[in-house]
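Report on one structure; see the data block that follows.
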Amino acid sequence: MLKINNMTMRFGGVVAVNKLSMEIEKGQIVGLIGPNGAGKTTVFNVVTGVYKPTEGEVFYGEANEKISQLRPDQIAKLGICRTFQNIRLFKELSVFDNVFIGGHLRLKSGLFSSVFRLPKYTGEEKKMTEKAEYLLEKVGLYEMRNEKAYSLPYGMQRRLEIARALATEPRLLLLDEPAAGMNPQETQELMEFIHDIKDEFDLTIFLIEHHMEVVMGICENIFVLDHGNLIAQGNPQEIQSNERVIEAYLGVE
Ligand SMILES: Nc1ncnc2c1ncn2[C@@H]1O[C@H](COP(=O)(O)OP(=O)(O)OP(=O)(O)O)[C@@H](O)[C@H]1O
Ligand SMILES: [Mg+2]
């Protein structure tokens with residue numbers, strides 16, 4: 001589903017990611033972990049086209065299409081969507097509108113039909129409304145659909161961001177620290193939720209997370225970055241007993 005080939009991302013003198021190669025199979029839940037500043041978010045930024053890699057390529061999907069030269073909107077249309085480490089919602093808009101907007105990526109009717117509210121658009125609008133309501137129900141936010149996004153507690157804002165991402169109909173969903181700021185109960189629910197949406201929407205999920213119970217609990221394959229270098233890859237058991245990983249996290253010899 002995703003193949004990163006010898007990818008380096010440099011910012012001036014800083015090597016944020018160094019010669020990273022990794023692959024993600026369709027239908028997997030894959031984790032990306034590592035200490036602060038290891039380069040995790042940079043990997044997401046390269047995959048989603050926010051940055052062009054300094055070196056290397058990114059390939060996507062069954063057709064193994066090269067996406068590292070595409071724009072972010074083109075990559076999103078191909079079915080890669082993400083959430084952000086620092087929540088990015090339209091804070092002044094309602095919960096419903098935040099999800100509804102996500103659906104616009106898949107609109108077939110153009111600006112002309114939407115401005116003049118032609119039948120093609122109003123038909124699509126009705127479908128988008130139903131879809132947004134369904135997703136809100138799915139993430140447990142239906143009752144809050146008319147509230148302003150900013151008024152939601154943190155954990156709910158994170159779920160809203162996921163609902164908006166789902167509205168774009170992704171096939172590969174990237175989650176940057178989805179459990180950040182969640183309490184243990186919310187974190188537990190999030191793990192079940194991630195499993196749930198993976199099955200229902202036939203997703204492949206790539207997630208960055210500092211909560212180890214999330215990573216070890218739901219990821220079948222884990223990649224570990226440290227100072228931009230891939231230092232380990234494996235299943236949760238292998239990662240937990242890997243000496244380089246323990247060193248990177250605890251900073252011991
Ligand atoms: N746009 C940028 N310009 C300059 N340096 C950047 C940029 N983006 C990231 N970096 C640097 O690249 C390195 C990796 O940053 P990145 O945000 O990818 O780390 P991270 O693993 O996501 O960390 P955290 O766990 O704190 O979110 C850091 O040294 C960071 O300062
Ligand atoms: Mg980050």
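Residue numbering restarts at 1 in every chain; chains get A, B, ... in the order shown in the structure tokens, and ligands count up from 1 in that same order.
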
Which residues form the shell of 9 Å around ligand 2 when you count only C-alpha atoms and all ligand atoms, given as a list in words?
->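 Residues lying within 9 Å of ligand 2: Asn36, Gly37, Ala38, Gly39, Lys40, Thr41, Thr42, Phe44, Phe84, Gln85, Asn86, Asp176, Glu177, Ile208 and Glu209 of chain A.
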
Take the selection from the previous step and output its residues with C-alpha atoms, as a PDB file, in the first residue's frame.
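Output file out29.pdb is given in full below:
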ATOM      1  CA  ASN A  36      10.816  13.632  20.183  1.00  0.00           C
ATOM      2  CA  GLY A  37      12.366  15.091  17.052  1.00  0.00           C
ATOM      3  CA  ALA A  38      13.100  11.648  15.578  1.00  0.00           C
ATOM      4  CA  GLY A  39      11.515  12.611  12.246  1.00  0.00           C
ATOM      5  CA  LYS A  40       8.106  10.895  12.539  1.00  0.00           C
ATOM      6  CA  THR A  41       5.895  13.821  11.538  1.00  0.00           C
ATOM      7  CA  THR A  42       8.332  14.629   8.733  1.00  0.00           C
ATOM      8  CA  PHE A  44       3.930  11.961   7.237  1.00  0.00           C
ATOM      9  CA  PHE A  84      -2.470  16.350  12.641  1.00  0.00           C
ATOM     10  CA  GLN A  85      -0.376  16.242  15.786  1.00  0.00           C
ATOM     11  CA  ASN A  86      -1.739  19.694  16.621  1.00  0.00           C
ATOM     12  CA  ASP A 176      -0.280  11.658  14.018  1.00  0.00           C
ATOM     13  CA  GLU A 177      -0.527  10.994  17.762  1.00  0.00           C
ATOM     14  CA  ILE A 208       2.505   7.817  15.132  1.00  0.00           C
ATOM     15  CA  GLU A 209       2.002   7.468  18.854  1.00  0.00           C
TER      16      GLU A 209
END

Test item: residues no farther than 12 Å from ligand 1, counting only C-alpha atoms and all ligand atoms, as a ChimeraX atom specification | /A:8-18,32-46,50-53,84-86,175-178,180,207-211,223-230,249

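Considering only C-alpha atoms, the residue among A:Val47, A:Ile67, A:Ile239, A:Ile194 positioned nearest to Ile218 of chain A is A:Ile194.
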
From A:Gly49, A:Gly234, A:Gly56, A:Gly61, residue lying nearest Asp73 of chain A [only C-alpha atoms] =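 Nearest to Asp73 of chain A: A:Gly49.
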
Determine the nearest neighbour of Pro170 of chain A from the options A:Arg145, A:Arg82, A:Lys26, A:Arg117, counting only C-alpha atoms.
-> A:Arg82

Residue among A:Lys120, A:Met128, A:Leu190, A:Pro236 lying closest to Gly140 of chain A, counting only C-alpha atoms =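 Smallest distance to Gly140 of chain A is found for A:Leu190.
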
Within segment 151-231 of chain A, find each residue whose DSSP state, derived from the backbone, is alpha helix (DSSP H), and express the selection as a PyMOL selection string.
-> chain A and resi 154-167+184-200+212-218

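Across the structure, atom CA of Lys3 of chain A and atom CA of Leu172 of chain A are spaced 12.1 Å apart.
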
May I ask for the distance between atom CA of Gly27 of chain A and atom CA of Leu89 of chain A, given in Å to one decimal place?
-> 27.2 Å

Close residues, Ile87 of chain A itself excluded, 9 Å, only C-alpha atoms, min 5 positions apart in chain, as a list in words =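 Result of the neighbour search: Tyr154, Gln157, Arg158 and Glu161 of chain A.
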
Find the residues of segment 122-235 of chain A that sit at most 6 Å from segment 91-97 of chain A; for each, write down the nearest two atoms and how far apart they are in Å, to one decimal. Count only C-alpha atoms. Sort by chain, then by number going up, and give it as CSV.
residue,atom,partner,partner_atom,distance
A:Arg145,CA,A:Phe96,CA,4.8
A:Asn146,CA,A:Ser94,CA,5.4
A:Glu147,CA,A:Ser94,CA,5.3
A:Lys148,CA,A:Ser94,CA,4.2
A:Ala149,CA,A:Lys91,CA,4.9
A:Tyr150,CA,A:Lys91,CA,4.8

Using N, CA and C atoms, can you write the selected residues to a file as a compact mmCIF listing (two decimals), in the first residue's frame?
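Output below, filename result21.txt:
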# COMPACT_ATOMS: atom_id res chain seq x y z
N ARG A 145 -23.53 17.58 16.94
CA ARG A 145 -23.28 18.03 15.55
C ARG A 145 -23.46 19.52 15.34
N ASN A 146 -24.28 20.18 16.16
CA ASN A 146 -24.49 21.62 15.96
C ASN A 146 -23.61 22.51 16.83
N GLU A 147 -22.79 21.88 17.68
CA GLU A 147 -21.88 22.67 18.51
C GLU A 147 -20.73 23.21 17.64
N LYS A 148 -20.11 24.29 18.09
CA LYS A 148 -18.89 24.75 17.43
C LYS A 148 -17.75 23.79 17.77
N ALA A 149 -16.89 23.56 16.80
CA ALA A 149 -15.81 22.58 17.00
C ALA A 149 -14.96 22.93 18.22
N TYR A 150 -14.68 24.23 18.43
CA TYR A 150 -13.78 24.59 19.53
C TYR A 150 -14.36 24.26 20.90

So which one's closest to Arg164 of chain A, A:Glu186, A:Glu143, A:Glu65, A:Glu133? Using only C-alpha atoms, please.
->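 The closest residue to Arg164 of chain A is A:Glu133.
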
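Remark: for Leu166 of chain A, the closest of the candidate residues A:Thr129, A:Thr83, A:Ser151, A:Thr122 is A:Thr83 (distances computed over only C-alpha atoms).
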
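Atom CA of Asp196 of chain A to atom CA of Ile4 of chain A spans 26.7 Å [interatomic distance, one decimal].
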
May I have the residues within 8 Å of Asn235 of chain A as an NGL selection string, using only C-alpha atoms and disregarding those fewer than 2 positions away in the same chain?
-> :A and (219-222 or 233 or 237-239)

Quick one: pick out all strand (DSSP E or B) residues within segment 148-238 of chain A from a backbone DSSP run and write them as JSON, numbers by chain.
-> {"A": [148, 172, 173, 174, 175, 176, 204, 205, 206, 207, 208, 221, 222, 223, 224, 225, 226, 229, 230, 231, 232, 233, 234]}
